[in-house]
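Containing PDB, C-alpha atoms: input.pdb.
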ATOM      1  CA  MET A1204       0.000   0.000   0.000  1.00  0.00           C
ATOM      2  CA  ASN A1205       1.445   3.357  -0.934  1.00  0.00           C
ATOM      3  CA  ARG A1206       1.982   6.167   1.580  1.00  0.00           C
ATOM      4  CA  ALA A1207      -0.957   8.292   0.347  1.00  0.00           C
ATOM      5  CA  ARG A1208      -3.291   5.315   0.566  1.00  0.00           C
ATOM      6  CA  SER A1209      -2.266   4.471   4.106  1.00  0.00           C
ATOM      7  CA  THR A1210      -2.517   8.121   5.170  1.00  0.00           C
ATOM      8  CA  ILE A1211      -6.100   8.659   3.961  1.00  0.00           C
ATOM      9  CA  PHE A1212      -7.403   5.656   5.868  1.00  0.00           C
ATOM     10  CA  LYS A1213      -5.702   6.769   9.083  1.00  0.00           C
ATOM     11  CA  ASN A1214      -7.733   9.981   8.948  1.00  0.00           C
ATOM     12  CA  PRO A1215     -10.449   9.627  11.612  1.00  0.00           C
ATOM     13  CA  GLN A1216     -12.651  11.987   9.594  1.00  0.00           C
ATOM     14  CA  LEU A1217     -12.988   9.435   6.761  1.00  0.00           C
ATOM     15  CA  GLN A1218     -16.132   7.416   7.478  1.00  0.00           C
ATOM     16  CA  LEU A1219     -18.520   5.149   5.569  1.00  0.00           C
ATOM     17  CA  PHE A1220     -22.280   5.655   5.948  1.00  0.00           C
ATOM     18  CA  PRO A1221     -25.477   4.373   4.353  1.00  0.00           C
ATOM     19  CA  MET A1222     -26.614   6.955   1.803  1.00  0.00           C
ATOM     20  CA  GLN A1223     -29.575   9.065   2.940  1.00  0.00           C
ATOM     21  CA  LYS A1224     -31.998  11.178   0.909  1.00  0.00           C
ATOM     22  CA  SER A1225     -30.311  14.233   2.391  1.00  0.00           C
ATOM     23  CA  ASP A1226     -27.050  13.115   0.691  1.00  0.00           C
ATOM     24  CA  VAL A1227     -28.479  12.946  -2.820  1.00  0.00           C
ATOM     25  CA  THR A1228     -27.816  16.531  -3.910  1.00  0.00           C
ATOM     26  CA  GLU A1229     -24.158  16.296  -2.877  1.00  0.00           C
ATOM     27  CA  VAL A1230     -23.816  12.814  -4.412  1.00  0.00           C
ATOM     28  CA  ALA A1231     -25.254  14.098  -7.708  1.00  0.00           C
ATOM     29  CA  GLN A1232     -22.826  17.045  -7.625  1.00  0.00           C
ATOM     30  CA  LEU A1233     -19.890  14.660  -7.172  1.00  0.00           C
ATOM     31  CA  GLU A1234     -21.253  12.494  -9.996  1.00  0.00           C
ATOM     32  CA  SER A1235     -21.459  15.572 -12.254  1.00  0.00           C
ATOM     33  CA  ARG A1236     -17.848  16.510 -11.514  1.00  0.00           C
ATOM     34  CA  CYS A1237     -16.627  12.987 -12.271  1.00  0.00           C
ATOM     35  CA  TYR A1238     -18.667  11.873 -15.279  1.00  0.00           C
ATOM     36  CA  GLU A1239     -19.447  13.432 -18.635  1.00  0.00           C
ATOM     37  CA  PHE A1240     -22.901  11.790 -18.619  1.00  0.00           C
ATOM     38  CA  PRO A1241     -23.901  11.827 -14.937  1.00  0.00           C
ATOM     39  CA  TRP A1242     -26.851  10.244 -13.192  1.00  0.00           C
ATOM     40  CA  THR A1243     -29.508  12.704 -12.038  1.00  0.00           C
ATOM     41  CA  GLU A1244     -30.681  13.294  -8.485  1.00  0.00           C
ATOM     42  CA  ASN A1245     -33.874  11.420  -9.373  1.00  0.00           C
ATOM     43  CA  ILE A1246     -31.910   8.307 -10.337  1.00  0.00           C
ATOM     44  CA  PHE A1247     -30.183   8.329  -6.945  1.00  0.00           C
ATOM     45  CA  LEU A1248     -33.522   8.875  -5.197  1.00  0.00           C
ATOM     46  CA  ASP A1249     -34.998   5.953  -7.135  1.00  0.00           C
ATOM     47  CA  CYS A1250     -32.101   3.738  -6.022  1.00  0.00           C
ATOM     48  CA  LEU A1251     -32.774   4.640  -2.409  1.00  0.00           C
ATOM     49  CA  SER A1252     -36.541   4.204  -2.712  1.00  0.00           C
ATOM     50  CA  VAL A1253     -36.300   0.667  -4.112  1.00  0.00           C
ATOM     51  CA  GLY A1254     -33.865  -0.365  -1.380  1.00  0.00           C
ATOM     52  CA  TYR A1255     -30.588  -0.711  -3.278  1.00  0.00           C
ATOM     53  CA  CYS A1256     -27.397  -0.872  -1.227  1.00  0.00           C
ATOM     54  CA  CYS A1257     -26.210   2.744  -1.340  1.00  0.00           C
ATOM     55  CA  TRP A1258     -23.168   3.884   0.638  1.00  0.00           C
ATOM     56  CA  VAL A1259     -21.167   7.101   0.876  1.00  0.00           C
ATOM     57  CA  TYR A1260     -17.674   7.866   2.110  1.00  0.00           C
ATOM     58  CA  ARG A1261     -17.372  11.175   3.943  1.00  0.00           C
ATOM     59  CA  LEU A1262     -14.134  12.979   4.670  1.00  0.00           C
ATOM     60  CA  SER A1263     -15.122  15.338   7.449  1.00  0.00           C
ATOM     61  CA  THR A1264     -18.446  16.631   6.107  1.00  0.00           C
ATOM     62  CA  LYS A1265     -17.726  16.233   2.370  1.00  0.00           C
ATOM     63  CA  ILE A1266     -18.880  13.191   0.386  1.00  0.00           C
ATOM     64  CA  VAL A1267     -15.799  11.915  -1.449  1.00  0.00           C
ATOM     65  CA  GLY A1268     -17.087   8.616  -2.828  1.00  0.00           C
ATOM     66  CA  TYR A1269     -20.084   6.344  -3.115  1.00  0.00           C
ATOM     67  CA  GLY A1270     -21.230   2.957  -4.308  1.00  0.00           C
ATOM     68  CA  ILE A1271     -24.611   1.588  -5.385  1.00  0.00           C
ATOM     69  CA  MET A1272     -25.613  -2.038  -5.874  1.00  0.00           C
ATOM     70  CA  SER A1273     -28.833  -3.971  -6.398  1.00  0.00           C
ATOM     71  CA  VAL A1274     -29.291  -7.490  -5.024  1.00  0.00           C
ATOM     72  CA  ALA A1275     -32.053  -9.916  -5.990  1.00  0.00           C
ATOM     73  CA  VAL A1276     -32.534 -13.642  -6.506  1.00  0.00           C
ATOM     74  CA  GLY A1277     -28.958 -14.649  -5.767  1.00  0.00           C
ATOM     75  CA  GLU A1278     -27.377 -11.998  -7.982  1.00  0.00           C
ATOM     76  CA  ALA A1279     -25.882  -8.608  -7.236  1.00  0.00           C
ATOM     77  CA  HIS A1280     -25.310  -5.864  -9.791  1.00  0.00           C
ATOM     78  CA  ILE A1281     -22.901  -3.048  -9.022  1.00  0.00           C
ATOM     79  CA  LEU A1282     -24.480  -0.032 -10.649  1.00  0.00           C
ATOM     80  CA  ASN A1283     -22.157   2.819  -9.768  1.00  0.00           C
ATOM     81  CA  ILE A1284     -18.898   3.469  -7.941  1.00  0.00           C
ATOM     82  CA  CYS A1285     -17.468   6.971  -7.865  1.00  0.00           C
ATOM     83  CA  VAL A1286     -14.506   8.570  -6.096  1.00  0.00           C
ATOM     84  CA  ASP A1287     -13.693  12.279  -6.014  1.00  0.00           C
ATOM     85  CA  SER A1288     -10.974  12.920  -8.616  1.00  0.00           C
ATOM     86  CA  GLU A1289      -8.742  14.553  -5.971  1.00  0.00           C
ATOM     87  CA  LEU A1290      -8.679  11.323  -3.949  1.00  0.00           C
ATOM     88  CA  ARG A1291      -8.311   8.712  -6.672  1.00  0.00           C
ATOM     89  CA  ARG A1292      -5.549   6.105  -6.505  1.00  0.00           C
ATOM     90  CA  GLN A1293      -5.625   6.140  -2.701  1.00  0.00           C
ATOM     91  CA  GLY A1294      -7.768   3.045  -2.197  1.00  0.00           C
ATOM     92  CA  LEU A1295     -11.261   4.510  -1.785  1.00  0.00           C
ATOM     93  CA  GLY A1296     -12.643   2.711  -4.827  1.00  0.00           C
ATOM     94  CA  HIS A1297     -11.123  -0.498  -3.458  1.00  0.00           C
ATOM     95  CA  ARG A1298     -12.778   0.076  -0.086  1.00  0.00           C
ATOM     96  CA  ILE A1299     -16.157   0.851  -1.632  1.00  0.00           C
ATOM     97  CA  LEU A1300     -15.971  -2.286  -3.764  1.00  0.00           C
ATOM     98  CA  GLU A1301     -15.014  -4.342  -0.684  1.00  0.00           C
ATOM     99  CA  ARG A1302     -18.072  -3.005   1.141  1.00  0.00           C
ATOM    100  CA  LEU A1303     -20.421  -3.793  -1.739  1.00  0.00           C
ATOM    101  CA  LEU A1304     -19.052  -7.322  -2.101  1.00  0.00           C
ATOM    102  CA  SER A1305     -19.436  -7.888   1.632  1.00  0.00           C
ATOM    103  CA  LEU A1306     -23.071  -6.773   1.397  1.00  0.00           C
ATOM    104  CA  ALA A1307     -23.636  -9.034  -1.610  1.00  0.00           C
ATOM    105  CA  ARG A1308     -22.426 -11.992   0.473  1.00  0.00           C
ATOM    106  CA  LYS A1309     -24.678 -10.976   3.397  1.00  0.00           C
ATOM    107  CA  HIS A1310     -27.621 -10.912   0.975  1.00  0.00           C
ATOM    108  CA  GLN A1311     -26.596 -14.416  -0.182  1.00  0.00           C
ATOM    109  CA  ALA A1312     -25.746 -13.428  -3.739  1.00  0.00           C
ATOM    110  CA  ASP A1313     -23.829 -16.084  -5.652  1.00  0.00           C
ATOM    111  CA  THR A1314     -22.625 -13.824  -8.466  1.00  0.00           C
ATOM    112  CA  VAL A1315     -21.869 -10.122  -8.815  1.00  0.00           C
ATOM    113  CA  PHE A1316     -22.124  -8.390 -12.196  1.00  0.00           C
ATOM    114  CA  LEU A1317     -21.098  -4.953 -13.406  1.00  0.00           C
ATOM    115  CA  GLU A1318     -20.464  -3.030 -16.603  1.00  0.00           C
ATOM    116  CA  VAL A1319     -17.379  -0.918 -17.168  1.00  0.00           C
ATOM    117  CA  ARG A1320     -16.515   1.390 -20.053  1.00  0.00           C
ATOM    118  CA  GLU A1321     -13.974  -0.072 -22.470  1.00  0.00           C
ATOM    119  CA  SER A1322     -11.948   3.125 -22.000  1.00  0.00           C
ATOM    120  CA  ASN A1323     -11.906   2.942 -18.174  1.00  0.00           C
ATOM    121  CA  HIS A1324      -8.706   0.956 -17.748  1.00  0.00           C
ATOM    122  CA  ALA A1325      -8.152   1.992 -14.111  1.00  0.00           C
ATOM    123  CA  ALA A1326     -11.541   0.557 -13.116  1.00  0.00           C
ATOM    124  CA  GLN A1327     -10.875  -2.607 -15.108  1.00  0.00           C
ATOM    125  CA  VAL A1328      -7.627  -3.150 -13.190  1.00  0.00           C
ATOM    126  CA  LEU A1329      -9.474  -2.646  -9.888  1.00  0.00           C
ATOM    127  CA  TYR A1330     -12.184  -5.150 -10.777  1.00  0.00           C
ATOM    128  CA  GLN A1331      -9.682  -7.704 -12.069  1.00  0.00           C
ATOM    129  CA  SER A1332      -7.750  -7.421  -8.791  1.00  0.00           C
ATOM    130  CA  PHE A1333     -10.885  -8.702  -7.045  1.00  0.00           C
ATOM    131  CA  GLY A1334     -11.216 -11.606  -9.470  1.00  0.00           C
ATOM    132  CA  PHE A1335     -13.880 -10.255 -11.819  1.00  0.00           C
ATOM    133  CA  ASN A1336     -13.786 -11.872 -15.262  1.00  0.00           C
ATOM    134  CA  GLU A1337     -15.079 -10.642 -18.602  1.00  0.00           C
ATOM    135  CA  VAL A1338     -18.268 -12.493 -19.551  1.00  0.00           C
ATOM    136  CA  GLY A1339     -19.609 -10.333 -22.357  1.00  0.00           C
ATOM    137  CA  LEU A1340     -19.712  -7.074 -24.242  1.00  0.00           C
ATOM    138  CA  ARG A1341     -22.613  -4.641 -24.417  1.00  0.00           C
ATOM    139  CA  ARG A1342     -22.216  -2.720 -27.672  1.00  0.00           C
ATOM    140  CA  GLY A1343     -23.099   0.977 -27.524  1.00  0.00           C
ATOM    141  CA  TYR A1344     -24.084   0.714 -23.854  1.00  0.00           C
ATOM    142  CA  TYR A1345     -22.759   4.068 -22.628  1.00  0.00           C
ATOM    143  CA  PRO A1346     -23.311   7.543 -24.077  1.00  0.00           C
ATOM    144  CA  ALA A1347     -20.050   9.069 -25.278  1.00  0.00           C
ATOM    145  CA  GLY A1348     -18.858  12.382 -26.675  1.00  0.00           C
ATOM    146  CA  LYS A1349     -18.996  11.001 -30.195  1.00  0.00           C
ATOM    147  CA  GLY A1350     -21.821   8.498 -30.188  1.00  0.00           C
ATOM    148  CA  ARG A1351     -21.789   5.479 -27.897  1.00  0.00           C
ATOM    149  CA  GLU A1352     -19.159   3.412 -26.078  1.00  0.00           C
ATOM    150  CA  ASN A1353     -19.125  -0.314 -25.451  1.00  0.00           C
ATOM    151  CA  ALA A1354     -19.332  -1.765 -21.960  1.00  0.00           C
ATOM    152  CA  ILE A1355     -17.409  -4.798 -20.838  1.00  0.00           C
ATOM    153  CA  LEU A1356     -19.636  -7.052 -18.737  1.00  0.00           C
ATOM    154  CA  LEU A1357     -17.767  -8.495 -15.777  1.00  0.00           C
ATOM    155  CA  ALA A1358     -18.798 -11.152 -13.272  1.00  0.00           C
ATOM    156  CA  LEU A1359     -17.461 -12.467  -9.986  1.00  0.00           C
ATOM    157  CA  THR A1360     -18.556 -15.715  -8.373  1.00  0.00           C
ATOM    158  CA  LEU A1361     -18.746 -15.320  -4.616  1.00  0.00           C
TER     159      LEU A1361
END
Whole structure, structure tokens version:
Amino acid sequence: MNRARSTIFKNPQLQLFPMQKSDVTEVAQLESRCYEFPWTENIFLDCLSVGYCCWVYRLSTKIVGYGIMSVAVGEAHILNICVDSELRRQGLGHRILERLLSLARKHQADTVFLEVRESNHAAQVLYQSFGFNEVGLRRGYYPAGKGRENAILLALTL
């Protein structure tokens, strides 16, 4: 673990919490800063209202990362993981993914699925480090600056 990674997790002001409705505006603002085609506040509210696993990392009072996952009928689907660009490569994405996988196990999921942009190599490395394997390709899945971008479908057997 690099020095920056170990330092951030020693900060007592970094804490993980279940996402609340009162977090949604700040979560959507973080999403907008991180993604060219962000989810809306209503999408986050819908995720909360249907009971998805939604978690936020706070550093002091600021939300610096979040993860969202659905679980049903023995399968989990990681829908969104986001980390503030200023804190990337310090292990927050890893920690969020660990939390979601732990929750998937608690909900007795056998398999976890997710989609990742073909161009998002950093995320692909993260998911592969957990043992995710490519199981398919969704052509034109994501909006992109010039048309659409493919998604790689990954799966992990728990």
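Put simply, the PyMOL selection byres ((chain A and resi 1310) around 10) in this file takes in Val1274, Ala1275, Val1276, Gly1277, Glu1278, Ala1279, Leu1304, Ser1305, Leu1306, Ala1307, Arg1308, Lys1309, Gln1311, Ala1312 and Asp1313 of chain A.
With distances restricted to only C-alpha atoms, A:His1280 is the closest residue to A:Leu1359 from A:His1280, A:Arg1292, A:Arg1236, A:Arg1320.
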Practice task
Would you please work out which residue, of A:Phe1220, A:Tyr1344, A:Tyr1255, A:Tyr1269, is nearest to A:Gly1296 when using all atoms listed in the file?
Solution key: A:Tyr1269
Exercise for the section: Apply the PyMOL selection byres ((chain A and resi 1284-1290) around 6) to the structure shown and report the selected residues as number ranges by chain. Expected result: A: 1267-1270, 1283, 1291
Practice task
Calculate how many Å separate atom CA of A:Phe1333 from atom CA of A:Met1222, rounding to one decimal.
Solution key: 23.9 Å
Handout entry: Selection near A:Arg1342, 10 Å with only C-alpha atoms, sequence-local residues under 3 positions removed, as a PyMOL selection string
Key = chain A and resi 1339+1345+1351-1355
Selection above as a file: C-alpha atoms, as a CSV table (one decimal), in the frame of the given file:
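Okay, selection-v2.csv is ready:
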chain,number,residue,atom,x,y,z
A,1339,GLY,CA,-19.6,-10.3,-22.4
A,1345,TYR,CA,-22.8,4.1,-22.6
A,1351,ARG,CA,-21.8,5.5,-27.9
A,1352,GLU,CA,-19.2,3.4,-26.1
A,1353,ASN,CA,-19.1,-0.3,-25.5
A,1354,ALA,CA,-19.3,-1.8,-22.0
A,1355,ILE,CA,-17.4,-4.8,-20.8
Problem - Polymer residues at most 12 Å from A:Gln1327, only C-alpha atoms, same-chain spacing of 5 or more positions, as a VMD selection string - result: chain A and resid 1296 to 1297 1317 to 1322 1332 to 1337 1354 to 1358
Can I get C-alpha atoms for stretch 1293-1337 of chain A, as a PDB file, in the first residue's frame?
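See out.pdb below for the written result:
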ATOM      1  CA  GLN A1293      -5.625   6.140  -2.701  1.00  0.00           C
ATOM      2  CA  GLY A1294      -7.768   3.045  -2.197  1.00  0.00           C
ATOM      3  CA  LEU A1295     -11.261   4.510  -1.785  1.00  0.00           C
ATOM      4  CA  GLY A1296     -12.643   2.711  -4.827  1.00  0.00           C
ATOM      5  CA  HIS A1297     -11.123  -0.498  -3.458  1.00  0.00           C
ATOM      6  CA  ARG A1298     -12.778   0.076  -0.086  1.00  0.00           C
ATOM      7  CA  ILE A1299     -16.157   0.851  -1.632  1.00  0.00           C
ATOM      8  CA  LEU A1300     -15.971  -2.286  -3.764  1.00  0.00           C
ATOM      9  CA  GLU A1301     -15.014  -4.342  -0.684  1.00  0.00           C
ATOM     10  CA  ARG A1302     -18.072  -3.005   1.141  1.00  0.00           C
ATOM     11  CA  LEU A1303     -20.421  -3.793  -1.739  1.00  0.00           C
ATOM     12  CA  LEU A1304     -19.052  -7.322  -2.101  1.00  0.00           C
ATOM     13  CA  SER A1305     -19.436  -7.888   1.632  1.00  0.00           C
ATOM     14  CA  LEU A1306     -23.071  -6.773   1.397  1.00  0.00           C
ATOM     15  CA  ALA A1307     -23.636  -9.034  -1.610  1.00  0.00           C
ATOM     16  CA  ARG A1308     -22.426 -11.992   0.473  1.00  0.00           C
ATOM     17  CA  LYS A1309     -24.678 -10.976   3.397  1.00  0.00           C
ATOM     18  CA  HIS A1310     -27.621 -10.912   0.975  1.00  0.00           C
ATOM     19  CA  GLN A1311     -26.596 -14.416  -0.182  1.00  0.00           C
ATOM     20  CA  ALA A1312     -25.746 -13.428  -3.739  1.00  0.00           C
ATOM     21  CA  ASP A1313     -23.829 -16.084  -5.652  1.00  0.00           C
ATOM     22  CA  THR A1314     -22.625 -13.824  -8.466  1.00  0.00           C
ATOM     23  CA  VAL A1315     -21.869 -10.122  -8.815  1.00  0.00           C
ATOM     24  CA  PHE A1316     -22.124  -8.390 -12.196  1.00  0.00           C
ATOM     25  CA  LEU A1317     -21.098  -4.953 -13.406  1.00  0.00           C
ATOM     26  CA  GLU A1318     -20.464  -3.030 -16.603  1.00  0.00           C
ATOM     27  CA  VAL A1319     -17.379  -0.918 -17.168  1.00  0.00           C
ATOM     28  CA  ARG A1320     -16.515   1.390 -20.053  1.00  0.00           C
ATOM     29  CA  GLU A1321     -13.974  -0.072 -22.470  1.00  0.00           C
ATOM     30  CA  SER A1322     -11.948   3.125 -22.000  1.00  0.00           C
ATOM     31  CA  ASN A1323     -11.906   2.942 -18.174  1.00  0.00           C
ATOM     32  CA  HIS A1324      -8.706   0.956 -17.748  1.00  0.00           C
ATOM     33  CA  ALA A1325      -8.152   1.992 -14.111  1.00  0.00           C
ATOM     34  CA  ALA A1326     -11.541   0.557 -13.116  1.00  0.00           C
ATOM     35  CA  GLN A1327     -10.875  -2.607 -15.108  1.00  0.00           C
ATOM     36  CA  VAL A1328      -7.627  -3.150 -13.190  1.00  0.00           C
ATOM     37  CA  LEU A1329      -9.474  -2.646  -9.888  1.00  0.00           C
ATOM     38  CA  TYR A1330     -12.184  -5.150 -10.777  1.00  0.00           C
ATOM     39  CA  GLN A1331      -9.682  -7.704 -12.069  1.00  0.00           C
ATOM     40  CA  SER A1332      -7.750  -7.421  -8.791  1.00  0.00           C
ATOM     41  CA  PHE A1333     -10.885  -8.702  -7.045  1.00  0.00           C
ATOM     42  CA  GLY A1334     -11.216 -11.606  -9.470  1.00  0.00           C
ATOM     43  CA  PHE A1335     -13.880 -10.255 -11.819  1.00  0.00           C
ATOM     44  CA  ASN A1336     -13.786 -11.872 -15.262  1.00  0.00           C
ATOM     45  CA  GLU A1337     -15.079 -10.642 -18.602  1.00  0.00           C
TER      46      GLU A1337
END
